[in-house]
Number of protein chains: 2
Amino acid sequence: MKRKINTATLTLFLLVPCLFRCQPPQTETSQTEIANTDPLPSWNEGESKKAIMDFVGRTTTAGVDFIPVVDRIACFDNDGTLWGEQPIYFQLAFTIDRVKAMAPAHPEWKAKQPFKALLEGDMKTVMAGGEHALLQLVMATHAGMTTDAFAQIVRDWINTAKHPTTGKLYKEMVYQPMLALLNYLRANGYRTFIVSGGGVDFMRPWTEEVYGIPADQVVGSSGKVKYEVINGKGNLIKLQELNFIDDKEGKPVGIHQYIGKRPVFTVGNSDGDYAMLQYTSTGNGPRFGMIIHHTDSIREVYYDRQSSIGHLEKGLDDAALYNWTVVDMMNDWKEVYKN
Amino acid sequence: MKRKINTATLTLFLLVPCLFRCQPPQTETSQTEIANTDPLPSWNEGESKKAIMDFVGRTTTAGVDFIPVVDRIACFDNDGTLWGEQPIYFQLAFTIDRVKAMAPAHPEWKAKQPFKALLEGDMKTVMAGGEHALLQLVMATHAGMTTDAFAQIVRDWINTAKHPTTGKLYKEMVYQPMLALLNYLRANGYRTFIVSGGGVDFMRPWTEEVYGIPADQVVGSSGKVKYEVINGKGNLIKLQELNFIDDKEGKPVGIHQYIGKRPVFTVGNSDGDYAMLQYTSTGNGPRFGMIIHHTDSIREVYYDRQSSIGHLEKGLDDAALYNWTVVDMMNDWKEVYKN
């Protein structure tokens with residue numbers, strides 16, 4: 001697994017090599033080689049790649065479109081944008097695994113929906129219960145313990161659980177072109193944030209390793225927590241109570257509450273990302289909005305207007321209006337997942 | 001833990017600064033100078049300074065106490081820790097100025113408490129109204145506009161408003177030894193966060209300039225906001241509704257929700273910081289807790305157990321229990337404010 005670097009590491013790596021480890025000045029040849037290196041090798045040449053590089057170029061060099069480093073805020077949706085989301089959100093797969101693991105300690109679930117259906121493998125009934133059923137499952141599995149204990153459960157899962165069709169670890173189901181884009185932006189002074197409808201406590205234990213995005217740059221949905229001293233140790237207990245849903249119009253709200261600045265670069269893949277894309281693109285000055293269109297039925301799954309997961313309709317309809325770059329996954333991406 | 005980085009990033013980050021920005025290799029002399037430079041020149045020699053430097057040294061060099069860069073999270077209270085808080089919280093001074101500025105458009109305030117008392121300069125009556133009165137004043141002045149408009153009002157105020165006794169701009173009322181400490185920590189790979197009971201929308205417009213702390217590293221109290229498209233532009237409207245109070249047991253909660261990691265280094269000055277200091281110090285591994293004790297009646301104000309603003313009692317009583325370093329402002333600080 002490749003690891004990305006964060007701002008603090010960046011500082012360290014920029015300073016330390018200059019003072020103590022610098023090699024003698026590079027020759028003309030090696031400078032040219034660097035200039036010729038493609039920062040987005042997993043992207044095919046085309047309009048999308050050109051639009052990204054044009055924007056990053058314009059906003060990081062002197063000129064009317066220059067953006068100061070402190071304002072280079074880039075926001076990424078997670079499910080379907082940085083990693084897969086089919087056939088079910090990966091956090092739902094985690095939730096199902098947790099219900100099964102916890103079932104022996106909860107004999108009452110055998111007679112109680114939606115737990116009963118889930119334990120019998122009847123996902124149709126579970127899904128028919130809608131948001132309410134899902135929330136019940138999430139609350140039963142994501143609360144009633146310390147945040148430290150939950151983080152450990154997530155780490156254990158992400159390091160072992162495998163996707164049902166690809167057989168890859170879920171944490172390997174990340175889009176290589178998006179990893180390249182995150183790196184490219186960070187190399188150009190952008191700070192990269194996740195703004196996801198997914199649970200923040202579910203994402204933070206692994207985003208640093210998988211995306212190079214530290215915990216504090218992850219915005220997501222959350223439950224309430226309560227401070228409690230247990231055996232002399234200060235702990236936060238996860239409560240069965242919603243705190244914030246970071247989806248749709250909640251995404252610009254989450255961006256304001258957590259990041260505190262309007263982003264200049266935002267990427268999403270579904271209509272759940274429409275509001276944050278609009279919030280980004282209607283700010284003053286240069287703005288970049290991008291929609292990942294899942295057009296690849298061979299290497300991934302083709303879905304958009306008809307899909308309930310990752311439903312994309314309004315975003316496609318209004319892409320031209322807001323000058324959003326629509327990425328054609330099949331044609332724009334040289335690779336999808338790491339082989 | 002050393003972090004592995006991929007080759008492309010390595011090339012970019014190690015070579016680019018060397019090629020284009022590096023000074024000629026340092027001589028023996030200048031390396032020695034670097035080693036001899038006092039990173040905390042505004043601190044007198046003594047136990048506090050020694051404790052800080054010992055901790056930073058131990059946690060950033062190989063050994064049992066080494067802390068990986070990703071976990072070097074440092075949290076600072078704001079009022080009374082990074083800048084002054086006497087004779088009233090500076091955000092209250094802002095609020096009073098706003099009530100006065102907005103009064104012509106609100107003739108009804110002449111007959112309505114606590115506005116009436118405030119406009120008549122009768123702060124005793126205002127304060128007698130307690131939290132409820134203050135909340136009314138804050139809601140009337142901090143809501144009902146876009147977040148962008150509010151940020152501009154704050155910027156205008158912070159750049160012009162002056163403290164009643166020192167005559168300095170409020171943004172100049174920052175403790176020089178704390179600025180040095182923030183810089184010292186950042187130079188050692190720590191990321192510095194504010195965790196304040198103050199309003200997050202009040203702090204973020206100026207923390208970058210004043211403390212070098214970007215908006216997204218500021219945790220504070222907040223009101224709810226709502227996404228709305230106005231004349232085609234996506235905006236966030238500040239509502240007259242509380243979202244989160246980042247004080248006392250709310251501070252570890254805010255740390256979890258916003259930062260997502262238990263800090264290893266925390267500084268506060270009042271019992272409002274007790275819970276976050278305790279949360280920090282009862283984590284595993286090396287931890288550093290520090291309390292700024294306002295002991296300087298000449299250069300600042302002496303206050304602790306008897307004061308309502310910055311009330312400090314439990315923190316002093318339990319400092320030894322948690323091994324908190326209590327900074328004696330009068331003796332530990334060479335300077336307080338910049339002259």
# chains A, B, ... in the order shown; residues from 1 in each chain; ligands from 1
call {"tool": "select_by_dssp", "arguments": {"residues": "segment 95-235 of chain A", "states": "strand (DSSP E)", "output": "PDB file with N, CA and C atoms, in the first residue's frame"}}
result
ATOM      1  N   ARG A 191      -4.759  21.532   0.186  1.00  0.00           N
ATOM      2  CA  ARG A 191      -5.042  20.597   1.254  1.00  0.00           C
ATOM      3  C   ARG A 191      -6.292  19.834   0.884  1.00  0.00           C
ATOM      4  N   THR A 192      -6.243  18.518   1.068  1.00  0.00           N
ATOM      5  CA  THR A 192      -7.315  17.653   0.596  1.00  0.00           C
ATOM      6  C   THR A 192      -8.165  17.160   1.761  1.00  0.00           C
ATOM      7  N   PHE A 193      -9.470  17.372   1.647  1.00  0.00           N
ATOM      8  CA  PHE A 193     -10.431  16.981   2.668  1.00  0.00           C
ATOM      9  C   PHE A 193     -11.408  15.960   2.098  1.00  0.00           C
ATOM     10  N   ILE A 194     -11.883  15.075   2.959  1.00  0.00           N
ATOM     11  CA  ILE A 194     -13.007  14.216   2.600  1.00  0.00           C
ATOM     12  C   ILE A 194     -14.266  14.860   3.157  1.00  0.00           C
ATOM     13  N   VAL A 195     -15.314  14.932   2.343  1.00  0.00           N
ATOM     14  CA  VAL A 195     -16.620  15.415   2.811  1.00  0.00           C
ATOM     15  C   VAL A 195     -17.633  14.362   2.369  1.00  0.00           C
ATOM     16  N   SER A 196     -17.959  13.467   3.290  1.00  0.00           N
ATOM     17  CA  SER A 196     -18.691  12.253   2.948  1.00  0.00           C
ATOM     18  C   SER A 196     -19.956  12.099   3.775  1.00  0.00           C
ATOM     19  N   GLY A 197     -20.951  11.461   3.181  1.00  0.00           N
ATOM     20  CA  GLY A 197     -22.134  11.095   3.945  1.00  0.00           C
ATOM     21  C   GLY A 197     -21.850   9.957   4.919  1.00  0.00           C
ATOM     22  N   GLY A 198     -20.739   9.276   4.726  1.00  0.00           N
ATOM     23  CA  GLY A 198     -20.359   8.165   5.586  1.00  0.00           C
ATOM     24  C   GLY A 198     -20.004   8.632   6.992  1.00  0.00           C
ATOM     25  N   GLY A 199     -19.909   7.694   7.901  1.00  0.00           N
ATOM     26  CA  GLY A 199     -19.617   8.027   9.293  1.00  0.00           C
ATOM     27  C   GLY A 199     -18.174   8.458   9.485  1.00  0.00           C
ATOM     28  N   VAL A 218     -11.159  14.951   7.698  1.00  0.00           N
ATOM     29  CA  VAL A 218     -12.283  14.112   7.289  1.00  0.00           C
ATOM     30  C   VAL A 218     -13.568  14.673   7.892  1.00  0.00           C
ATOM     31  N   VAL A 219     -14.504  15.053   7.034  1.00  0.00           N
ATOM     32  CA  VAL A 219     -15.808  15.530   7.469  1.00  0.00           C
ATOM     33  C   VAL A 219     -16.814  14.448   7.097  1.00  0.00           C
ATOM     34  N   GLY A 220     -17.708  14.113   8.028  1.00  0.00           N
ATOM     35  CA  GLY A 220     -18.678  13.071   7.712  1.00  0.00           C
ATOM     36  C   GLY A 220     -19.857  13.129   8.655  1.00  0.00           C
ATOM     37  N   SER A 221     -20.752  12.160   8.520  1.00  0.00           N
ATOM     38  CA  SER A 221     -21.887  12.072   9.430  1.00  0.00           C
ATOM     39  C   SER A 221     -21.389  11.575  10.786  1.00  0.00           C
ATOM     40  N   SER A 222     -22.134  11.900  11.823  1.00  0.00           N
ATOM     41  CA  SER A 222     -21.669  11.501  13.153  1.00  0.00           C
ATOM     42  C   SER A 222     -22.815  11.303  14.127  1.00  0.00           C
ATOM     43  N   GLY A 223     -22.523  10.510  15.150  1.00  0.00           N
ATOM     44  CA  GLY A 223     -23.415  10.396  16.282  1.00  0.00           C
ATOM     45  C   GLY A 223     -22.880  11.264  17.406  1.00  0.00           C
ATOM     46  N   LYS A 224     -23.707  11.475  18.414  1.00  0.00           N
ATOM     47  CA  LYS A 224     -23.234  12.257  19.553  1.00  0.00           C
ATOM     48  C   LYS A 224     -22.292  11.406  20.401  1.00  0.00           C
ATOM     49  N   VAL A 225     -21.376  12.069  21.081  1.00  0.00           N
ATOM     50  CA  VAL A 225     -20.496  11.388  22.034  1.00  0.00           C
ATOM     51  C   VAL A 225     -20.554  12.138  23.362  1.00  0.00           C
ATOM     52  N   LYS A 226     -20.201  11.423  24.423  1.00  0.00           N
ATOM     53  CA  LYS A 226     -20.279  12.008  25.761  1.00  0.00           C
ATOM     54  C   LYS A 226     -18.975  11.740  26.494  1.00  0.00           C
ATOM     55  N   TYR A 227     -18.455  12.773  27.171  1.00  0.00           N
ATOM     56  CA  TYR A 227     -17.211  12.610  27.916  1.00  0.00           C
ATOM     57  C   TYR A 227     -17.482  11.940  29.258  1.00  0.00           C
ATOM     58  N   GLU A 228     -16.680  10.945  29.588  1.00  0.00           N
ATOM     59  CA  GLU A 228     -16.863  10.199  30.830  1.00  0.00           C
ATOM     60  C   GLU A 228     -15.509   9.691  31.331  1.00  0.00           C
ATOM     61  N   VAL A 229     -15.288   9.812  32.624  1.00  0.00           N
ATOM     62  CA  VAL A 229     -14.047   9.287  33.200  1.00  0.00           C
ATOM     63  C   VAL A 229     -14.310   7.877  33.714  1.00  0.00           C
ATOM     64  N   ILE A 230     -13.586   6.918  33.148  1.00  0.00           N
ATOM     65  CA  ILE A 230     -13.774   5.516  33.515  1.00  0.00           C
ATOM     66  C   ILE A 230     -12.455   4.989  34.067  1.00  0.00           C
ATOM     67  N   LYS A 233      -9.572   7.212  33.584  1.00  0.00           N
ATOM     68  CA  LYS A 233      -9.202   7.614  32.225  1.00  0.00           C
ATOM     69  C   LYS A 233     -10.345   8.350  31.526  1.00  0.00           C
ATOM     70  N   GLY A 234     -10.041   9.499  30.944  1.00  0.00           N
ATOM     71  CA  GLY A 234     -11.041  10.254  30.197  1.00  0.00           C
ATOM     72  C   GLY A 234     -11.368   9.564  28.887  1.00  0.00           C
ATOM     73  N   ASN A 235     -12.650   9.282  28.662  1.00  0.00           N
ATOM     74  CA  ASN A 235     -13.063   8.592  27.452  1.00  0.00           C
ATOM     75  C   ASN A 235     -14.255   9.281  26.821  1.00  0.00           C
TER      76      ASN A 235
END
call {"tool": "interface_residues", "arguments": {"of": "chain B", "to": "chain A", "cutoff": "6 Å", "atoms": "only C-alpha atoms", "output": "count of residues only"}}
result
13
call {"tool": "residues_around", "arguments": {"residues": "Asp97 of chain B", "least_positions_apart": "3", "cutoff": "12 Å", "atoms": "only C-alpha atoms", "output": "JSON, numbers by chain"}}
result
{"B": [90, 91, 92, 93, 94, 100, 101, 102, 103, 115, 118, 119, 121, 137, 138, 141, 142, 153, 154, 156, 157, 158, 160, 161, 162]}
call {"tool": "atom_distance", "arguments": {"atom1": "atom CA of Phe288 of chain B", "atom2": "atom CA of Phe265 of chain B"}}
result
4.6 Å
call {"tool": "residues_around", "arguments": {"residues": "Leu179 of chain B", "least_positions_apart": "2", "cutoff": "12 Å", "atoms": "only C-alpha atoms", "output": "MDAnalysis selection string"}}
result
chainID B and resid 39:43 76 78 81:83 172:177 181:186 192 207 209:213 335:338
call {"tool": "write_last_selection", "arguments": {"atoms": "C-alpha atoms", "output": "compact mmCIF listing (two decimals), in the first residue's frame"}}
result
# COMPACT_ATOMS: atom_id res chain seq x y z
CA PRO B 39 13.39 28.39 20.09
CA LEU B 40 11.57 30.00 23.05
CA PRO B 41 13.35 33.32 23.54
CA SER B 42 10.33 34.95 25.25
CA TRP B 43 10.43 32.32 28.02
CA PHE B 76 -4.75 25.33 22.77
CA ASN B 78 -7.85 30.69 23.15
CA THR B 81 -4.32 31.14 26.87
CA LEU B 82 -3.36 32.62 23.49
CA TRP B 83 -4.77 36.12 23.92
CA GLU B 172 -2.17 42.56 19.27
CA MET B 173 -3.25 41.31 22.69
CA VAL B 174 -1.67 37.93 22.02
CA TYR B 175 0.89 36.39 24.36
CA GLN B 176 4.30 36.43 22.69
CA PRO B 177 5.55 33.34 24.59
CA LEU B 181 5.46 27.95 21.57
CA LEU B 182 3.09 27.49 18.60
CA ASN B 183 5.97 28.06 16.20
CA TYR B 184 8.30 25.77 18.13
CA LEU B 185 5.76 22.95 18.10
CA ARG B 186 5.02 23.36 14.38
CA THR B 192 -1.55 23.21 16.42
CA THR B 207 -6.47 32.96 13.44
CA GLU B 209 -2.94 35.85 10.37
CA VAL B 210 -2.55 36.17 14.14
CA TYR B 211 -1.51 32.65 15.19
CA GLY B 212 -0.64 30.90 11.94
CA ILE B 213 -3.54 28.51 12.60
CA GLU B 335 7.46 39.38 27.80
CA VAL B 336 3.67 39.23 27.66
CA TYR B 337 2.41 41.38 24.78
CA LYS B 338 4.51 42.75 21.97
call {"tool": "calpha_fit_rmsd", "arguments": {"fixed": "chain B", "moving": "chain A"}}
result
4.4 Å
call {"tool": "select_by_dssp", "arguments": {"residues": "segment 109-274 of chain A", "states": "alpha helix (DSSP H)", "output": "PyMOL selection string"}}
result
chain A and resi 115-119+123-128+130-142+147-158+176-187+200-211+250-254+274
call {"tool": "write_last_selection", "arguments": {"atoms": "C-alpha atoms", "output": "PDB file, in the first residue's frame"}}
result
ATOM      1  CA  PHE A 115     -31.838  -7.678  12.672  1.00  0.00           C
ATOM      2  CA  LYS A 116     -33.814 -10.874  12.037  1.00  0.00           C
ATOM      3  CA  ALA A 117     -33.887 -10.361   8.263  1.00  0.00           C
ATOM      4  CA  LEU A 118     -30.233  -9.410   8.150  1.00  0.00           C
ATOM      5  CA  LEU A 119     -29.168 -12.489  10.125  1.00  0.00           C
ATOM      6  CA  MET A 123     -31.338  -8.111   2.521  1.00  0.00           C
ATOM      7  CA  LYS A 124     -34.497  -7.307   0.545  1.00  0.00           C
ATOM      8  CA  THR A 125     -36.494  -7.013   3.761  1.00  0.00           C
ATOM      9  CA  VAL A 126     -33.704  -5.034   5.396  1.00  0.00           C
ATOM     10  CA  MET A 127     -33.623  -2.544   2.536  1.00  0.00           C
ATOM     11  CA  ALA A 128     -37.418  -2.350   2.475  1.00  0.00           C
ATOM     12  CA  GLY A 130     -35.561   2.143   4.453  1.00  0.00           C
ATOM     13  CA  GLU A 131     -33.510   4.718   6.300  1.00  0.00           C
ATOM     14  CA  HIS A 132     -35.108   3.863   9.618  1.00  0.00           C
ATOM     15  CA  ALA A 133     -33.978   0.234   9.447  1.00  0.00           C
ATOM     16  CA  LEU A 134     -30.462   1.210   8.409  1.00  0.00           C
ATOM     17  CA  LEU A 135     -30.239   3.727  11.215  1.00  0.00           C
ATOM     18  CA  GLN A 136     -31.264   1.040  13.707  1.00  0.00           C
ATOM     19  CA  LEU A 137     -28.497  -1.226  12.435  1.00  0.00           C
ATOM     20  CA  VAL A 138     -25.940   1.575  12.565  1.00  0.00           C
ATOM     21  CA  MET A 139     -26.929   2.659  16.063  1.00  0.00           C
ATOM     22  CA  ALA A 140     -26.784  -0.908  17.376  1.00  0.00           C
ATOM     23  CA  THR A 141     -23.294  -1.453  15.963  1.00  0.00           C
ATOM     24  CA  HIS A 142     -21.667   1.985  16.092  1.00  0.00           C
ATOM     25  CA  THR A 147     -14.466   5.964  20.518  1.00  0.00           C
ATOM     26  CA  ASP A 148     -11.100   4.254  21.034  1.00  0.00           C
ATOM     27  CA  ALA A 149     -12.734   0.797  21.115  1.00  0.00           C
ATOM     28  CA  PHE A 150     -14.779   1.548  17.991  1.00  0.00           C
ATOM     29  CA  ALA A 151     -11.702   2.779  16.118  1.00  0.00           C
ATOM     30  CA  GLN A 152      -9.983  -0.526  16.894  1.00  0.00           C
ATOM     31  CA  ILE A 153     -12.968  -2.514  15.571  1.00  0.00           C
ATOM     32  CA  VAL A 154     -12.876  -0.476  12.346  1.00  0.00           C
ATOM     33  CA  ARG A 155      -9.117  -0.984  11.968  1.00  0.00           C
ATOM     34  CA  ASP A 156      -9.487  -4.746  12.433  1.00  0.00           C
ATOM     35  CA  TRP A 157     -12.229  -4.849   9.799  1.00  0.00           C
ATOM     36  CA  ILE A 158     -10.570  -2.648   7.186  1.00  0.00           C
ATOM     37  CA  GLN A 176      -5.884   4.837  -8.507  1.00  0.00           C
ATOM     38  CA  PRO A 177      -6.523   7.960 -10.615  1.00  0.00           C
ATOM     39  CA  MET A 178      -8.051   9.634  -7.568  1.00  0.00           C
ATOM     40  CA  LEU A 179      -5.019   8.768  -5.427  1.00  0.00           C
ATOM     41  CA  ALA A 180      -2.874  10.362  -8.126  1.00  0.00           C
ATOM     42  CA  LEU A 181      -5.128  13.433  -8.126  1.00  0.00           C
ATOM     43  CA  LEU A 182      -4.925  13.765  -4.316  1.00  0.00           C
ATOM     44  CA  ASN A 183      -1.125  13.583  -4.513  1.00  0.00           C
ATOM     45  CA  TYR A 184      -0.953  16.017  -7.398  1.00  0.00           C
ATOM     46  CA  LEU A 185      -3.081  18.565  -5.546  1.00  0.00           C
ATOM     47  CA  ARG A 186      -1.092  18.224  -2.329  1.00  0.00           C
ATOM     48  CA  ALA A 187       2.160  18.589  -4.252  1.00  0.00           C
ATOM     49  CA  VAL A 200     -16.663  10.083  10.384  1.00  0.00           C
ATOM     50  CA  ASP A 201     -15.694   7.538  13.067  1.00  0.00           C
ATOM     51  CA  PHE A 202     -15.802   4.805  10.421  1.00  0.00           C
ATOM     52  CA  MET A 203     -13.465   6.665   8.044  1.00  0.00           C
ATOM     53  CA  ARG A 204     -10.888   8.315  10.263  1.00  0.00           C
ATOM     54  CA  PRO A 205      -9.079   5.172  11.472  1.00  0.00           C
ATOM     55  CA  TRP A 206      -7.835   4.425   7.930  1.00  0.00           C
ATOM     56  CA  THR A 207      -7.975   7.563   5.717  1.00  0.00           C
ATOM     57  CA  GLU A 208      -4.415   8.511   6.625  1.00  0.00           C
ATOM     58  CA  GLU A 209      -3.031   5.162   5.509  1.00  0.00           C
ATOM     59  CA  VAL A 210      -5.233   4.741   2.457  1.00  0.00           C
ATOM     60  CA  TYR A 211      -5.542   8.316   1.114  1.00  0.00           C
ATOM     61  CA  GLY A 250     -25.656  19.041   4.804  1.00  0.00           C
ATOM     62  CA  LYS A 251     -22.379  18.918   2.857  1.00  0.00           C
ATOM     63  CA  PRO A 252     -21.874  22.687   2.517  1.00  0.00           C
ATOM     64  CA  VAL A 253     -23.006  22.933   6.153  1.00  0.00           C
ATOM     65  CA  GLY A 254     -20.380  20.349   7.176  1.00  0.00           C
ATOM     66  CA  TYR A 274     -24.716  18.509  -5.830  1.00  0.00           C
TER      67      TYR A 274
END
call {"tool": "atom_distance", "arguments": {"atom1": "atom CA of Gly315 of chain A", "atom2": "atom CA of Asp271 of chain A"}}
result
5.8 Å
call {"tool": "atom_distance", "arguments": {"atom1": "atom CA of Ile298 of chain B", "atom2": "atom CA of Pro87 of chain B"}}
result
14.5 Å
